>>> print(open('input21.tsv').read())   # TSV, C-alpha atoms
chain	number	residue	atom	x	y	z
A	1	MET	CA	-5.87	-18.87	48.60
A	2	THR	CA	-8.90	-16.79	47.61
A	3	ASP	CA	-8.71	-13.06	47.01
A	4	ARG	CA	-10.63	-12.54	50.25
A	5	GLU	CA	-8.08	-14.57	52.23
A	6	LEU	CA	-5.22	-12.71	50.56
A	7	PHE	CA	-6.93	-9.38	51.32
A	8	PHE	CA	-6.97	-10.08	55.06
A	9	ARG	CA	-3.52	-11.67	55.11
A	10	HIS	CA	-1.46	-9.26	52.99
A	11	MET	CA	-3.36	-5.98	52.56
A	12	ALA	CA	-2.80	-3.36	55.25
A	13	GLN	CA	-6.09	-2.70	57.01
A	14	THR	CA	-7.38	0.70	58.13
A	15	SER	CA	-9.96	-0.70	60.54
A	16	SER	CA	-10.97	-4.00	62.08
A	17	PHE	CA	-14.26	-3.98	60.17
A	18	PRO	CA	-13.71	-3.24	56.46
A	19	LEU	CA	-16.70	-3.57	54.13
A	20	ALA	CA	-14.74	-6.31	52.33
A	21	LEU	CA	-17.11	-6.35	49.36
A	22	GLU	CA	-15.59	-8.24	46.44
A	23	ILE	CA	-16.14	-6.25	43.27
A	24	GLU	CA	-15.47	-7.84	39.89
A	25	LYS	CA	-16.73	-5.09	37.62
A	26	ALA	CA	-18.11	-1.55	37.78
A	27	GLU	CA	-20.04	0.43	35.22
A	28	GLY	CA	-22.09	3.62	35.42
A	29	ILE	CA	-23.54	3.89	38.91
A	30	TYR	CA	-23.26	0.13	39.56
A	31	LEU	CA	-20.78	-2.25	41.17
A	32	PHE	CA	-20.95	-5.99	40.46
A	33	GLY	CA	-19.81	-8.80	42.76
A	34	PRO	CA	-18.26	-12.11	41.62
A	35	GLU	CA	-21.66	-13.83	41.62
A	36	GLY	CA	-23.21	-11.04	39.58
A	37	LYS	CA	-24.84	-9.25	42.53
A	38	LYS	CA	-25.47	-5.63	41.56
A	39	TYR	CA	-24.99	-2.68	43.92
A	40	ILE	CA	-25.96	0.96	43.44
A	41	ASP	CA	-22.87	2.97	44.32
A	42	LEU	CA	-24.39	5.85	46.26
A	43	ILE	CA	-21.02	7.26	47.34
A	44	SER	CA	-18.92	7.14	44.13
A	45	GLY	CA	-15.86	5.83	45.94
A	46	ILE	CA	-16.28	8.88	48.24
A	47	ALA	CA	-17.17	11.50	45.62
A	48	VAL	CA	-14.59	10.24	43.11
A	49	SER	CA	-16.42	8.59	40.20
A	50	SER	CA	-18.28	11.77	39.35
A	51	ILE	CA	-19.41	10.68	35.87
A	52	GLY	CA	-19.78	7.03	36.80
A	53	HIS	CA	-17.48	4.03	36.67
A	54	ARG	CA	-15.61	3.38	33.45
A	55	HIS	CA	-17.23	6.22	31.57
A	56	PRO	CA	-16.56	5.53	27.88
A	57	GLU	CA	-15.03	8.96	27.22
A	58	VAL	CA	-12.65	8.54	30.16
A	59	VAL	CA	-11.71	5.01	29.10
A	60	ARG	CA	-11.10	6.26	25.56
A	61	ALA	CA	-8.85	9.07	26.79
A	62	ILE	CA	-6.86	6.62	28.95
A	63	LYS	CA	-6.34	4.18	26.08
A	64	GLU	CA	-5.36	6.88	23.60
A	65	GLN	CA	-2.84	8.39	26.00
A	66	ALA	CA	-1.40	4.98	26.93
A	67	ASP	CA	-0.64	4.49	23.23
A	68	ARG	CA	1.40	7.73	23.22
A	69	PHE	CA	3.35	7.84	26.48
A	70	MET	CA	2.96	7.38	30.22
A	71	HIS	CA	5.48	8.70	32.76
A	72	LEU	CA	8.30	10.76	31.27
A	73	MET	CA	9.84	13.00	33.93
A	74	VAL	CA	9.12	14.65	37.27
A	75	TYR	CA	6.38	17.29	37.17
A	76	GLY	CA	7.16	20.57	35.46
A	77	GLU	CA	10.25	19.65	33.41
A	78	TYR	CA	8.75	18.52	30.11
A	79	VAL	CA	5.96	20.09	28.05
A	80	GLN	CA	3.28	17.39	28.12
A	81	SER	CA	0.05	17.96	26.22
A	82	PRO	CA	-2.28	16.18	28.72
A	83	GLN	CA	-1.01	18.42	31.53
A	84	VAL	CA	-1.14	21.74	29.72
A	85	GLN	CA	-4.51	21.03	28.10
A	86	LEU	CA	-5.97	20.09	31.48
A	87	ALA	CA	-4.54	23.24	33.06
A	88	LYS	CA	-6.08	25.35	30.29
A	89	LEU	CA	-9.46	23.69	30.73
A	90	LEU	CA	-9.39	24.34	34.47
A	91	THR	CA	-8.32	27.96	34.25
A	92	ASP	CA	-10.74	28.70	31.40
A	93	ASN	CA	-13.54	27.71	33.78
A	94	LEU	CA	-12.26	29.47	36.91
A	95	PRO	CA	-12.50	33.16	37.81
A	96	GLN	CA	-9.50	35.46	38.00
A	97	PRO	CA	-6.98	35.38	39.50
A	98	LEU	CA	-6.95	31.53	39.49
A	99	ASP	CA	-4.88	31.10	36.34
A	100	ASN	CA	-2.02	28.78	37.37
A	101	VAL	CA	-2.28	25.05	38.10
A	102	TYR	CA	0.05	22.70	39.96
A	103	LEU	CA	-0.97	19.08	39.32
A	104	VAL	CA	-0.37	16.52	42.06
A	105	ASN	CA	-1.41	12.96	42.95
A	106	SER	CA	-4.12	13.37	45.57
A	107	GLY	CA	-6.16	15.68	47.75
A	108	SER	CA	-3.73	15.38	50.62
A	109	GLU	CA	-0.84	16.44	48.41
A	110	ALA	CA	-2.89	19.34	47.04
A	111	VAL	CA	-3.39	20.56	50.62
A	112	GLU	CA	0.30	20.09	51.44
A	113	GLY	CA	1.29	22.09	48.38
A	114	ALA	CA	-1.26	24.82	49.05
A	115	ILE	CA	-0.06	25.36	52.62
A	116	LYS	CA	3.59	25.40	51.56
A	117	LEU	CA	2.73	27.92	48.85
A	118	ALA	CA	0.87	30.19	51.29
A	119	LYS	CA	3.73	30.15	53.78
A	120	ARG	CA	6.32	30.77	51.10
A	121	HIS	CA	4.40	33.61	49.42
A	122	SER	CA	3.38	35.39	52.61
A	123	GLY	CA	6.59	34.90	54.58
A	124	ARG	CA	4.37	34.05	57.55
A	125	THR	CA	4.02	30.84	59.53
A	126	GLU	CA	0.63	30.80	61.26
A	127	VAL	CA	-2.11	28.68	59.67
A	128	ILE	CA	-5.75	28.81	60.71
A	129	SER	CA	-8.18	25.97	60.09
A	130	PHE	CA	-11.59	24.95	61.44
A	131	ARG	CA	-12.88	22.36	63.85
A	132	ASN	CA	-14.33	19.25	62.22
A	133	ALA	CA	-12.52	20.03	58.97
A	134	TYR	CA	-11.01	17.12	57.07
A	135	HIS	CA	-8.08	17.91	54.76
A	136	GLY	CA	-6.26	14.58	54.44
A	137	SER	CA	-4.15	12.02	56.24
A	138	THR	CA	-0.53	12.96	55.54
A	139	HIS	CA	1.38	14.69	58.31
A	140	GLY	CA	0.76	18.25	57.15
A	141	SER	CA	-2.82	17.78	55.99
A	142	LEU	CA	-3.62	15.91	59.21
A	143	SER	CA	-2.21	18.88	61.13
A	144	VAL	CA	-4.91	21.17	59.68
A	145	THR	CA	-7.64	18.57	60.12
A	146	GLY	CA	-9.92	19.67	62.92
A	147	ASN	CA	-10.61	16.46	64.82
A	148	GLU	CA	-8.39	15.61	67.78
A	149	LYS	CA	-9.45	11.95	67.98
A	150	LEU	CA	-8.07	11.36	64.49
A	151	LYS	CA	-4.82	13.19	65.27
A	152	GLN	CA	-3.89	12.48	68.87
A	153	ALA	CA	-1.82	9.34	68.19
A	154	TYR	CA	0.48	11.21	65.78
A	155	ARG	CA	1.55	14.25	67.76
A	156	PRO	CA	3.70	16.28	67.61
A	157	LEU	CA	2.28	17.53	64.32
A	158	VAL	CA	3.12	20.67	62.33
A	159	PRO	CA	3.27	23.65	64.73
A	160	GLY	CA	1.70	27.08	64.35
A	161	ILE	CA	-1.85	25.94	63.58
A	162	ARG	CA	-4.94	27.34	65.30
A	163	PHE	CA	-8.55	26.24	64.99
A	164	LEU	CA	-11.76	28.26	64.90
A	165	ASP	CA	-15.37	27.14	64.89
A	166	PHE	CA	-16.75	26.86	61.37
A	167	ASN	CA	-19.49	29.30	60.46
A	168	HIS	CA	-18.85	31.50	63.54
A	169	GLU	CA	-18.27	34.97	62.16
A	170	GLY	CA	-17.28	36.51	65.50
A	171	GLN	CA	-14.12	34.39	65.72
A	172	LEU	CA	-12.67	35.70	62.46
A	173	GLU	CA	-11.05	38.63	64.28
A	174	THR	CA	-8.36	36.18	65.42
A	175	ILE	CA	-7.03	36.18	61.84
A	176	THR	CA	-4.19	38.72	61.94
A	177	GLU	CA	-1.16	40.03	60.04
A	178	LYS	CA	0.74	37.01	61.42
A	179	THR	CA	-1.55	34.58	59.58
A	180	ALA	CA	-0.11	33.04	56.43
A	181	CYS	CA	-3.38	31.45	55.37
A	182	VAL	CA	-6.80	30.29	56.39
A	183	ILE	CA	-7.79	26.89	55.04
A	184	ALA	CA	-11.43	25.86	54.93
A	185	GLU	CA	-13.56	23.32	53.16
A	186	THR	CA	-16.04	25.37	51.17
A	187	ILE	CA	-18.62	22.86	52.44
A	188	GLN	CA	-17.40	20.65	55.27
A	189	GLY	CA	-17.59	17.02	54.17
A	190	GLU	CA	-16.65	14.66	56.99
A	191	ALA	CA	-18.47	16.86	59.51
A	192	GLY	CA	-21.64	15.57	57.84
A	193	VAL	CA	-21.97	18.03	54.94
A	194	VAL	CA	-22.09	21.35	56.78
A	195	ALA	CA	-22.53	24.39	54.54
A	196	PRO	CA	-21.62	27.84	55.86
A	197	SER	CA	-23.79	30.92	55.55
A	198	ASN	CA	-23.18	33.44	52.79
A	199	GLU	CA	-22.46	36.04	55.47
A	200	PHE	CA	-19.73	33.89	57.06
A	201	MET	CA	-17.98	33.22	53.76
A	202	LYS	CA	-18.06	36.87	52.76
A	203	ALA	CA	-16.76	37.90	56.19
A	204	LEU	CA	-13.98	35.31	55.93
A	205	ARG	CA	-12.95	36.63	52.52
A	206	LYS	CA	-13.02	40.21	53.82
A	207	ARG	CA	-10.94	39.42	56.90
A	208	CYS	CA	-8.30	37.67	54.80
A	209	ASP	CA	-8.16	40.71	52.52
A	210	GLN	CA	-7.77	43.03	55.51
A	211	THR	CA	-4.88	41.08	57.02
A	212	GLY	CA	-3.13	39.83	53.86
A	213	ALA	CA	-3.75	36.21	54.79
A	214	LEU	CA	-4.31	33.91	51.82
A	215	LEU	CA	-7.65	32.10	51.68
A	216	ILE	CA	-7.37	28.41	50.72
A	217	LEU	CA	-10.67	26.75	49.85
A	218	ASP	CA	-10.63	22.95	49.84
A	219	GLU	CA	-13.05	21.62	47.22
A	220	ILE	CA	-11.61	18.12	47.11
A	221	GLN	CA	-15.06	16.69	47.89
A	222	SER	CA	-17.33	19.57	46.94
A	223	GLY	CA	-15.86	20.72	43.63
A	224	CYS	CA	-16.37	19.69	39.99
A	225	GLY	CA	-20.13	20.10	39.85
A	226	ARG	CA	-21.17	18.06	42.87
A	227	THR	CA	-23.01	20.73	44.86
A	228	GLY	CA	-25.16	22.36	42.18
A	229	THR	CA	-22.55	24.80	40.86
A	230	LEU	CA	-19.34	23.93	39.02
A	231	TRP	CA	-17.30	25.18	41.99
A	232	ALA	CA	-18.85	25.22	45.45
A	233	PHE	CA	-17.49	28.70	46.21
A	234	GLU	CA	-19.88	30.06	43.57
A	235	HIS	CA	-22.74	29.51	46.03
A	236	PHE	CA	-21.25	32.18	48.29
A	237	GLY	CA	-19.98	34.86	45.91
A	238	VAL	CA	-16.33	34.58	46.97
A	239	VAL	CA	-13.14	33.53	45.20
A	240	PRO	CA	-10.22	31.90	47.05
A	241	ASP	CA	-6.56	32.79	46.66
A	242	ILE	CA	-5.74	29.10	46.40
A	243	LEU	CA	-8.14	26.30	45.42
A	244	THR	CA	-7.51	22.61	46.07
A	245	LEU	CA	-9.13	19.88	43.98
A	246	ALA	CA	-8.92	16.08	43.65
A	247	LYS	CA	-11.44	13.20	43.91
A	248	GLY	CA	-14.11	13.95	41.29
A	249	MET	CA	-11.74	15.65	38.83
A	250	GLY	CA	-10.09	12.36	37.83
A	251	GLY	CA	-12.96	10.20	36.62
A	252	GLY	CA	-11.60	7.36	38.76
A	253	MET	CA	-7.90	8.07	38.23
A	254	PRO	CA	-5.65	9.50	40.98
A	255	ILE	CA	-5.03	13.20	40.49
A	256	GLY	CA	-5.25	16.46	42.43
A	257	ALA	CA	-4.37	20.10	41.97
A	258	PHE	CA	-3.76	23.32	43.80
A	259	ILE	CA	-4.55	26.43	41.80
A	260	ALA	CA	-3.60	30.06	42.40
A	261	SER	CA	-2.54	33.16	40.50
A	262	SER	CA	0.69	33.13	38.49
A	263	GLU	CA	2.10	35.73	40.85
A	264	VAL	CA	1.49	33.60	43.93
A	265	MET	CA	2.57	30.33	42.29
A	266	LYS	CA	5.93	31.79	41.22
A	267	SER	CA	6.91	31.75	44.89
A	268	LEU	CA	7.74	28.06	44.50
A	269	THR	CA	10.38	28.74	41.82
A	270	HIS	CA	13.04	30.37	43.99
A	271	ASP	CA	14.51	30.51	47.51
A	272	PRO	CA	14.49	27.53	47.29
A	273	VAL	CA	14.28	26.49	43.67
A	274	LEU	CA	11.96	23.47	43.24
A	275	GLY	CA	9.81	24.66	46.14
A	276	HIS	CA	7.41	21.76	45.62
A	277	ILE	CA	8.43	18.57	43.80
A	278	THR	CA	6.33	15.59	42.77
A	279	THR	CA	7.44	12.63	40.68
A	280	PHE	CA	4.06	11.39	39.51
A	281	GLY	CA	1.95	14.55	39.81
A	282	GLY	CA	0.22	15.31	36.53
A	283	ASN	CA	0.77	11.74	35.29
A	284	ALA	CA	-0.11	11.81	31.59
A	285	ILE	CA	-2.81	9.14	31.75
A	286	CYS	CA	-4.39	10.67	34.86
A	287	ALA	CA	-4.33	14.12	33.27
A	288	ALA	CA	-5.98	12.78	30.10
A	289	ALA	CA	-8.67	11.08	32.18
A	290	SER	CA	-9.22	14.26	34.18
A	291	LYS	CA	-9.56	16.38	31.05
A	292	ALA	CA	-12.16	13.97	29.62
A	293	THR	CA	-14.06	13.97	32.93
A	294	LEU	CA	-14.17	17.74	33.29
A	295	GLU	CA	-15.06	18.24	29.62
A	296	PHE	CA	-18.06	15.93	30.08
A	297	ILE	CA	-19.16	17.70	33.27
A	298	ILE	CA	-18.82	21.15	31.70
A	299	LYS	CA	-20.34	20.25	28.31
A	300	ASN	CA	-23.41	18.72	29.96
A	301	LYS	CA	-23.61	21.22	32.85
A	302	LEU	CA	-23.94	18.35	35.30
A	303	TRP	CA	-24.00	20.79	38.21
A	304	GLU	CA	-27.46	21.89	37.07
A	305	GLU	CA	-28.54	18.24	37.05
A	306	ALA	CA	-27.11	17.83	40.57
A	307	ALA	CA	-29.28	20.69	41.86
A	308	ARG	CA	-32.38	19.18	40.27
A	309	LYS	CA	-31.62	15.67	41.49
A	310	GLU	CA	-31.12	16.93	45.05
A	311	LYS	CA	-34.82	17.83	45.10
A	312	ARG	CA	-35.79	14.31	44.07
A	313	PHE	CA	-33.72	12.77	46.87
A	314	ARG	CA	-35.27	15.14	49.39
A	315	GLN	CA	-38.81	14.38	48.17
A	316	ASN	CA	-38.28	10.61	48.26
A	317	LEU	CA	-36.54	10.51	51.63
A	318	ASP	CA	-39.43	11.73	53.75
A	319	HIS	CA	-39.39	9.49	56.82
A	320	PRO	CA	-39.85	10.20	60.54
A	321	ALA	CA	-36.56	8.47	61.40
A	322	ILE	CA	-34.59	10.97	59.30
A	323	LYS	CA	-33.99	13.95	61.58
A	324	ASN	CA	-32.48	16.19	58.92
A	325	ILE	CA	-31.12	16.20	55.36
A	326	ARG	CA	-28.09	18.48	55.03
A	327	GLY	CA	-26.09	19.54	52.03
A	328	LYS	CA	-26.26	20.87	48.50
A	329	GLY	CA	-26.68	19.12	45.15
A	330	LEU	CA	-25.47	15.53	45.26
A	331	MET	CA	-23.46	16.01	48.43
A	332	LEU	CA	-25.99	15.14	51.13
A	333	ALA	CA	-26.15	13.70	54.64
A	334	LEU	CA	-29.11	11.97	56.27
A	335	GLU	CA	-29.02	12.54	60.02
A	336	PHE	CA	-30.19	9.83	62.44
A	337	ASP	CA	-30.27	9.56	66.23
A	338	ASP	CA	-26.92	7.81	66.66
A	339	PHE	CA	-24.26	5.64	65.04
A	340	LYS	CA	-25.93	2.38	66.08
A	341	GLN	CA	-29.09	3.24	64.15
A	342	ASN	CA	-27.12	4.57	61.19
A	343	LYS	CA	-24.86	1.50	61.01
A	344	ALA	CA	-27.85	-0.85	61.05
A	345	ILE	CA	-29.42	1.08	58.15
A	346	ILE	CA	-26.16	1.09	56.18
A	347	ASP	CA	-25.71	-2.66	56.68
A	348	ARG	CA	-29.25	-3.37	55.49
A	349	CYS	CA	-28.72	-1.15	52.46
A	350	VAL	CA	-25.55	-3.04	51.49
A	351	ARG	CA	-27.30	-6.40	51.86
A	352	ASN	CA	-30.08	-5.09	49.62
A	353	GLY	CA	-27.80	-3.81	46.88
A	354	LEU	CA	-26.91	-0.23	47.79
A	355	VAL	CA	-23.49	0.94	48.98
A	356	THR	CA	-23.28	3.89	51.34
A	357	ASP	CA	-21.43	4.76	54.53
A	358	TRP	CA	-21.11	7.30	57.36
A	359	PHE	CA	-18.90	10.35	57.88
A	360	LEU	CA	-15.66	10.45	59.85
A	361	PHE	CA	-16.81	13.18	62.24
A	362	ALA	CA	-20.57	12.59	62.02
A	363	ASP	CA	-21.09	8.85	62.39
A	364	ASN	CA	-24.83	9.34	62.93
A	365	CYS	CA	-25.17	10.56	59.33
A	366	LEU	CA	-25.54	8.50	56.15
A	367	ARG	CA	-23.65	9.68	53.05
A	368	ILE	CA	-25.27	10.38	49.68
A	369	ALA	CA	-22.77	11.29	46.95
A	370	PRO	CA	-23.64	9.26	43.85
A	371	PRO	CA	-22.19	9.73	40.38
A	372	LEU	CA	-23.59	12.92	38.88
A	373	ILE	CA	-25.03	10.87	36.01
A	374	ILE	CA	-27.53	9.04	38.25
A	375	ASP	CA	-30.98	9.33	36.68
A	376	GLU	CA	-34.39	9.81	38.28
A	377	GLU	CA	-35.36	6.14	38.10
A	378	GLN	CA	-32.09	5.16	39.76
A	379	ILE	CA	-32.62	7.81	42.45
A	380	ASP	CA	-36.07	6.33	43.11
A	381	GLN	CA	-34.56	2.83	43.40
A	382	ALA	CA	-31.86	4.02	45.79
A	383	CYS	CA	-34.37	5.87	47.96
A	384	GLU	CA	-36.68	2.85	48.04
A	385	ILE	CA	-33.82	0.69	49.39
A	386	ILE	CA	-33.07	3.29	52.09
A	387	ILE	CA	-36.74	3.62	53.10
A	388	ASN	CA	-37.13	-0.17	53.20
A	389	ALA	CA	-34.04	-0.37	55.42
A	390	LEU	CA	-35.58	2.25	57.72
A	391	ASN	CA	-38.87	0.35	57.89
>>> encode(input="input21.tsv", output="structure tokens")
Amino acid sequence: MTDRELFFRHMAQTSSFPLALEIEKAEGIYLFGPEGKKYIDLISGIAVSSIGHRHPEVVRAIKEQADRFMHLMVYGEYVQSPQVQLAKLLTDNLPQPLDNVYLVNSGSEAVEGAIKLAKRHSGRTEVISFRNAYHGSTHGSLSVTGNEKLKQAYRPLVPGIRFLDFNHEGQLETITEKTACVIAETIQGEAGVVAPSNEFMKALRKRCDQTGALLILDEIQSGCGRTGTLWAFEHFGVVPDILTLAKGMGGGMPIGAFIASSEVMKSLTHDPVLGHITTFGGNAICAAASKATLEFIIKNKLWEEAARKEKRFRQNLDHPAIKNIRGKGLMLALEFDDFKQNKAIIDRCVRNGLVTDWFLFADNCLRIAPPLIIDEEQIDQACEIIINALN
């Protein structure tokens, strides 16, 4: 049987219409099919391959670490250089009080850990999230995801969660002394790249301070240089109590983190001991790959490149069919009339050698989230394919 036949027979499917592209090789911003067809990857595996596919420094770090050791013990029991060096790199480049890192396997697990930490530290149970937020697909992270269509088949979910409208300052008064935490994407991703106002973010931070609720900012999609600053919260002049990361921090390897102050994080060490446990979190090879990825981003200040490259996308994508271009840096959404139009454009793009997709809660919007290393000529090529698809 061919790989395609095996894919449909034995691989669990998440929809009845997968892309089902067969990819034999990937390098830089490109994917290559079995017959050598080349695709521009305009979505980086959904904001994952932030410095491109198989970046040589990431590959080198993986190989060097594989020659030393791989899995040794559950997270937190052994002193492992890849973990502690990654934690130091992260905290060296984050503001106070974010000085303590818990490494996990994914964005969903980072959210799970962050919510557990907030409940444990505060002694409170209420969690507030926002409509059209996406925080993951596990039971807890799905519970704070703000889209009922995605959730309705899995109820009952985690209790004690309330939802507000994102970017609506007047609703923040509902955060009270009963609230353990407020969780928000710094920039909403699956809503179609919706950025809040500076005033809203400052008011959110202030209200959490007033009530003692912890502020969790989810930068699983928007962090690590993608939006034109190293961390998306820098756009708004606020600092979270807990930060969640994943996707682009791994250079293509599975890793996530939730980060807080040492004082807050110590809450997981007692009553009960082992307050959060993960077998593979902080896997040595993944941590080495993450360190190499972040070092490259920071050394080359790729967030500055992302801000500059955003302008080139906006200049090239001037077309009457595009109703709006939302987002910051290389996290953008092209808005069209409806899903039917958007899907036709996406399908034409794929046929013509460019991979993109839509957003979970904004299916009329086309996603642009390429590797941060995309150059101006490649941006021009990608935009030309999109414009040709529109025409």
>>> residues_around(input="input21.tsv", residues="stretch 270-280 of chain A", least_positions_apart="5", cutoff="7 Å", atoms="all atoms listed in the file", output="number ranges by chain")
A: 74-75, 104-105, 113
>>> closest_residue(input="input21.tsv", among="A:Val193, A:Ala306, A:Ile128, A:Ala289", to="A:Ala362", atoms="only C-alpha atoms")
A:Val193
>>> residues_around(input="input21.tsv", residues="A:Leu230", least_positions_apart="5", cutoff="6 Å", atoms="all atoms listed in the file", output="NGL selection string")
:A and (224-225 or 303)
>>> closest_atom_pairs(input="input21.tsv", of="stretch 34-133 of chain A", to="stretch 159-180 of chain A", cutoff="7 Å", atoms="all atoms listed in the file", output="tab-separated table")
residue	atom	partner	partner_atom	distance
A:Ala118	CA	A:Ala180	CA	6.0
A:Lys119	CA	A:Ala180	CA	5.5
A:Ser122	CA	A:Ala180	CA	5.7
A:Arg124	CA	A:Ala180	CA	4.7
A:Thr125	CA	A:Ala180	CA	5.6
A:Glu126	CA	A:Thr179	CA	4.7
A:Val127	CA	A:Ile161	CA	4.8
A:Ile128	CA	A:Arg162	CA	4.9
A:Ser129	CA	A:Phe163	CA	4.9
A:Phe130	CA	A:Leu164	CA	4.8
A:Arg131	CA	A:Asp165	CA	5.5
>>> closest_residue(input="input21.tsv", among="A:Asp241, A:Glu295, A:Glu109, A:Asp337", to="A:Cys208", atoms="all atoms listed in the file")
A:Asp241
